[in-house]
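For reference, the structure discussed in these notes is given below.
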Amino acid sequence: MSGESRVANYAIGEDEAGMRLDRWFRRRFPEVSQAHLNKIVRKGEVRVSGKRAEISTRLEAGQSVRVPPLAPTGAPPARPGAADPRDAEAIRAMILYEDADLMVLNKPYGLAVQGGSGTKRHIDGMLEALRDKRGERPSLVHRLDRDTSGALLVAKSRKIAAELGEIFRSRGAKKVYWALVEGVPKPAQGRISLFLAKGAAMGDDRSAAKGNRDDMERMRVARHGEPDAQHSVTLYAVVDKVPVRLAWLSMRPITGRTHQLRAHCEAIGHSIIGDPKYNRRPANDPARNDPLRAVPPGVEPKLHLVARRLTLPHPRGGMIDVTAPLPPHMEKSFAMFGFDVASYDPIEDAPDA
């Protein structure tokens, strides 16, 4: 286990809101055993916003989790200063905006934001190379899926991370995502409001009984009152289209649930092109075998989703407004269909609710 050699504080992003502390640890530190986690929580070494916590504590966006040094098992301890300098160069090459307090990165397709099972290279680990002379390292403020490209906010200090986390928690940050989706949604502009929960539905033995890990990691539409069900809201607008084949969709998530946009697009019958996890039409869906709805040849089989724009108040005053470029595979698809990135985006004028 790689472990941490010093106490660290992690800001909770809005996409982690509602997550149990033990599940958060499993996501961030998959090598930590349950027994060890129970021990450090019981001893009060893990704290949430300065207070003792329980394994079952539900986290809220804007909070911080204090993580003590995690003793490695069967591996030498991490050496201070052992970060790869190439990581610092790679991070700097991603910078879209930077000041003394924060930076906005252009996260590329295929690079994970945080570690997990089998994931060795990720943004969170690469930020270690930017630890300053005081021993403080930049912190992630929110997350993007591995295959989602675009604007990712990083704080340079724990104080700024906490302040930015509060801005996200209070929904003061405005995020706009662009996607190419199968078919053309009707109406052309609308609001998706659903409850989402992780894994198979209760009584659904199709995934749980067969141990289908991919299904268990998917978010599904749930009913209000189900365990772990969280309300999710997304505003969407069609910017351009190739009838009836596909559409360029602009989306503004009001909430920040795991895989929210991908699950919402699937739920309305217009999955994001190149999404292997959320692209499952029921057998009785007429679009399933409709050749007119088939993705045109030449489109790369990669997730066509980018965190296009991020706007929020700066903790020290003023506004941050950063736009990320399209990743190469989306740029190629836009050129193929004649979509102009300078087109008017109707989501900009959509109401907040």
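Within each chain, counting starts at residue 1; across the structure tokens, chains are named A, B, ... in the order shown, with ligands numbered 1 upward in that order.
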
Neighbouring residues of A:Ser271 were defined as those with any atom within 6 Å, considering only C-alpha atoms; residues of the same chain fewer than 2 positions away were excluded. Please report them as a PDB file with C-alpha atoms, in the first residue's frame.
ATOM      1  CA  VAL A 181     -25.789  12.141 -27.658  1.00  0.00           C
ATOM      2  CA  GLU A 182     -27.578   9.505 -29.664  1.00  0.00           C
ATOM      3  CA  CYS A 265     -28.844  11.076 -20.680  1.00  0.00           C
ATOM      4  CA  GLU A 266     -29.467   7.334 -20.584  1.00  0.00           C
ATOM      5  CA  ASN A 279     -25.828   3.006 -23.084  1.00  0.00           C
TER       6      ASN A 279
END

>> Show me, as a VMD selection string, the residues that have an atom within 9 Å of A:Leu310 when counting only C-alpha atoms, minus same-chain residues fewer than 3 positions from it.
In response: chain A and resid 104 151 to 153 173 to 176 307 320 to 324

Residue list (alpha helix (DSSP H), DSSP) for stretch 215-314 of chain A, as a PDB file with N, CA and C atoms, in the first residue's frame:
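New file result00.pdb:
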ATOM      1  N   ASP A 215     -22.302  -3.419 -13.328  1.00  0.00           N
ATOM      2  CA  ASP A 215     -23.664  -3.011 -12.993  1.00  0.00           C
ATOM      3  C   ASP A 215     -23.720  -2.398 -11.600  1.00  0.00           C
ATOM      4  N   MET A 216     -22.978  -2.974 -10.661  1.00  0.00           N
ATOM      5  CA  MET A 216     -23.021  -2.477  -9.298  1.00  0.00           C
ATOM      6  C   MET A 216     -22.398  -1.088  -9.170  1.00  0.00           C
ATOM      7  N   GLN A 260     -23.807  11.731 -12.871  1.00  0.00           N
ATOM      8  CA  GLN A 260     -25.152  12.312 -13.043  1.00  0.00           C
ATOM      9  C   GLN A 260     -25.525  12.537 -14.508  1.00  0.00           C
ATOM     10  N   LEU A 261     -24.669  13.195 -15.259  1.00  0.00           N
ATOM     11  CA  LEU A 261     -25.022  13.523 -16.640  1.00  0.00           C
ATOM     12  C   LEU A 261     -25.143  12.272 -17.495  1.00  0.00           C
ATOM     13  N   ARG A 262     -24.269  11.320 -17.275  1.00  0.00           N
ATOM     14  CA  ARG A 262     -24.307  10.086 -18.051  1.00  0.00           C
ATOM     15  C   ARG A 262     -25.577   9.297 -17.752  1.00  0.00           C
ATOM     16  N   ALA A 263     -25.934   9.222 -16.469  1.00  0.00           N
ATOM     17  CA  ALA A 263     -27.150   8.499 -16.082  1.00  0.00           C
ATOM     18  C   ALA A 263     -28.402   9.230 -16.558  1.00  0.00           C
ATOM     19  N   HIS A 264     -28.400  10.558 -16.505  1.00  0.00           N
ATOM     20  CA  HIS A 264     -29.555  11.329 -16.954  1.00  0.00           C
ATOM     21  C   HIS A 264     -29.778  11.180 -18.455  1.00  0.00           C
ATOM     22  N   CYS A 265     -28.699  11.225 -19.221  1.00  0.00           N
ATOM     23  CA  CYS A 265     -28.844  11.076 -20.680  1.00  0.00           C
ATOM     24  C   CYS A 265     -29.409   9.699 -21.027  1.00  0.00           C
ATOM     25  N   GLU A 266     -28.928   8.672 -20.344  1.00  0.00           N
ATOM     26  CA  GLU A 266     -29.467   7.334 -20.584  1.00  0.00           C
ATOM     27  C   GLU A 266     -30.935   7.272 -20.196  1.00  0.00           C
ATOM     28  N   ALA A 267     -31.287   7.916 -19.082  1.00  0.00           N
ATOM     29  CA  ALA A 267     -32.663   7.850 -18.577  1.00  0.00           C
ATOM     30  C   ALA A 267     -33.673   8.475 -19.539  1.00  0.00           C
TER      31      ALA A 267
END

Wanna dump the stretch 86-179 of chain A-stretch 331-336 of chain A contacts at 12 Å for me, each residue with its shortest atom pair and the distance in Å to one decimal, counting only C-alpha atoms, ordered by chain and number, as a tab-separated table?
residue	atom	partner	partner_atom	distance
A:Ser149	CA	A:Glu331	CA	12.0
A:Trp178	CA	A:Phe334	CA	11.2
A:Ala179	CA	A:Phe334	CA	10.4

Taking N, CA and C atoms for each residue, export the selection above as a PDB file, in the first residue's frame.
ATOM      1  N   SER A 149     -13.377  14.829 -20.159  1.00  0.00           N
ATOM      2  CA  SER A 149     -12.314  15.821 -20.297  1.00  0.00           C
ATOM      3  C   SER A 149     -12.781  17.164 -19.746  1.00  0.00           C
ATOM      4  N   TRP A 178     -20.569  19.904 -22.394  1.00  0.00           N
ATOM      5  CA  TRP A 178     -21.036  19.615 -23.746  1.00  0.00           C
ATOM      6  C   TRP A 178     -20.917  18.119 -23.993  1.00  0.00           C
ATOM      7  N   ALA A 179     -21.878  17.596 -24.738  1.00  0.00           N
ATOM      8  CA  ALA A 179     -21.861  16.171 -25.079  1.00  0.00           C
ATOM      9  C   ALA A 179     -22.472  15.972 -26.455  1.00  0.00           C
TER      10      ALA A 179
END

> Can you list, as number ranges by chain, every protein, DNA or RNA residue that comes within 10 Å of A:Asp345 when you count only C-alpha atoms, leaving out same-chain residues fewer than 5 positions away?
Replying inline: A: 176, 178, 237-240, 249-251, 350

Can those selected residues be exported to a file as a PDB file, in the first residue's frame so that it contains N, CA and C atoms?
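And here is the file that came out, part-v2.pdb:
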ATOM      1  N   VAL A 176     -20.860  24.055 -17.055  1.00  0.00           N
ATOM      2  CA  VAL A 176     -21.521  23.725 -18.318  1.00  0.00           C
ATOM      3  C   VAL A 176     -20.734  22.597 -18.982  1.00  0.00           C
ATOM      4  N   TRP A 178     -20.569  19.904 -22.394  1.00  0.00           N
ATOM      5  CA  TRP A 178     -21.036  19.615 -23.746  1.00  0.00           C
ATOM      6  C   TRP A 178     -20.917  18.119 -23.993  1.00  0.00           C
ATOM      7  N   ALA A 237     -29.979  21.626 -23.083  1.00  0.00           N
ATOM      8  CA  ALA A 237     -30.455  22.328 -24.274  1.00  0.00           C
ATOM      9  C   ALA A 237     -29.739  21.769 -25.494  1.00  0.00           C
ATOM     10  N   VAL A 238     -30.483  21.555 -26.573  1.00  0.00           N
ATOM     11  CA  VAL A 238     -29.892  21.123 -27.833  1.00  0.00           C
ATOM     12  C   VAL A 238     -29.292  22.353 -28.515  1.00  0.00           C
ATOM     13  N   VAL A 239     -27.998  22.303 -28.805  1.00  0.00           N
ATOM     14  CA  VAL A 239     -27.320  23.417 -29.478  1.00  0.00           C
ATOM     15  C   VAL A 239     -27.385  23.241 -30.980  1.00  0.00           C
ATOM     16  N   ASP A 240     -27.166  22.015 -31.444  1.00  0.00           N
ATOM     17  CA  ASP A 240     -27.217  21.697 -32.875  1.00  0.00           C
ATOM     18  C   ASP A 240     -27.520  20.213 -33.002  1.00  0.00           C
ATOM     19  N   LEU A 249     -25.478  18.425 -27.219  1.00  0.00           N
ATOM     20  CA  LEU A 249     -26.235  18.800 -26.037  1.00  0.00           C
ATOM     21  C   LEU A 249     -25.358  19.615 -25.096  1.00  0.00           C
ATOM     22  N   SER A 250     -25.909  20.714 -24.600  1.00  0.00           N
ATOM     23  CA  SER A 250     -25.255  21.489 -23.550  1.00  0.00           C
ATOM     24  C   SER A 250     -26.013  21.232 -22.256  1.00  0.00           C
ATOM     25  N   MET A 251     -25.284  20.950 -21.182  1.00  0.00           N
ATOM     26  CA  MET A 251     -25.937  20.586 -19.921  1.00  0.00           C
ATOM     27  C   MET A 251     -25.345  21.369 -18.759  1.00  0.00           C
ATOM     28  N   ALA A 350     -30.559  29.681 -19.485  1.00  0.00           N
ATOM     29  CA  ALA A 350     -31.537  28.851 -18.789  1.00  0.00           C
ATOM     30  C   ALA A 350     -31.625  29.260 -17.325  1.00  0.00           C
TER      31      ALA A 350
END

> Taking into account only C-alpha atoms, which residue in the set A:Phe168, A:Thr311, A:Ser49, A:Ala11 is nearest to A:Tyr97?
Replying inline: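 Residue with the minimum atom-to-atom distance to A:Tyr97: A:Thr311.
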
> Got a sec: who's within 10 Å of A:Ala229, counting only C-alpha atoms, leaving out chain neighbours fewer than 4 positions off, as a PyMOL selection string?
Replying inline: chain A and resi 18+194-198+219-225

>> Can you tell me which residues surround stretch 137-141 of chain A at a distance of at most 7 Å, considering only C-alpha atoms, apart from same-chain residues fewer than 4 positions away, and format the answer as a list in words?
In response: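 Once the adjacent positions are removed, what remains is Tyr10, Ala11, Gly13, Asp124, Leu127, Glu128, Leu130, Arg131, Asp132, Leu153, Val154, Ala155, Lys156, Ser157, Ala161, Leu164 and Gly165 of chain A.
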
> Looking at only C-alpha atoms, which of A:Leu105, A:Ile40, A:Leu235, A:Val113 is the one that sits closest to A:Arg27?
Replying inline: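 That would be A:Val113, the residue with the smallest distance to A:Arg27.
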
> If you measure from atom CA of A:Arg26 to atom CA of A:Asn9, what distance in Å do you get, rounded to one decimal?
Replying inline: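 Computing it gives 16.1 Å between the two atoms.
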
> So which residues of stretch 47-122 of chain A fall under strand (DSSP E) by DSSP, listed as a list of chain:residue names?
Replying inline: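 The residues of stretch 47-122 of chain A classed as strand (DSSP E) are A:Arg47, A:Val48, A:Lys51, A:Arg52, A:Ser64, A:Val65, A:Arg66, A:Val67, A:Ile95, A:Leu96, A:Tyr97, A:Glu98, A:Leu102, A:Met103, A:Val104, A:Leu105, A:Asn106, A:Lys107.
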
> Using only C-alpha atoms, which of A:Arg134, A:Ala17, A:Val244, A:Val7 sits nearest A:His231?
Replying inline: A:Ala17
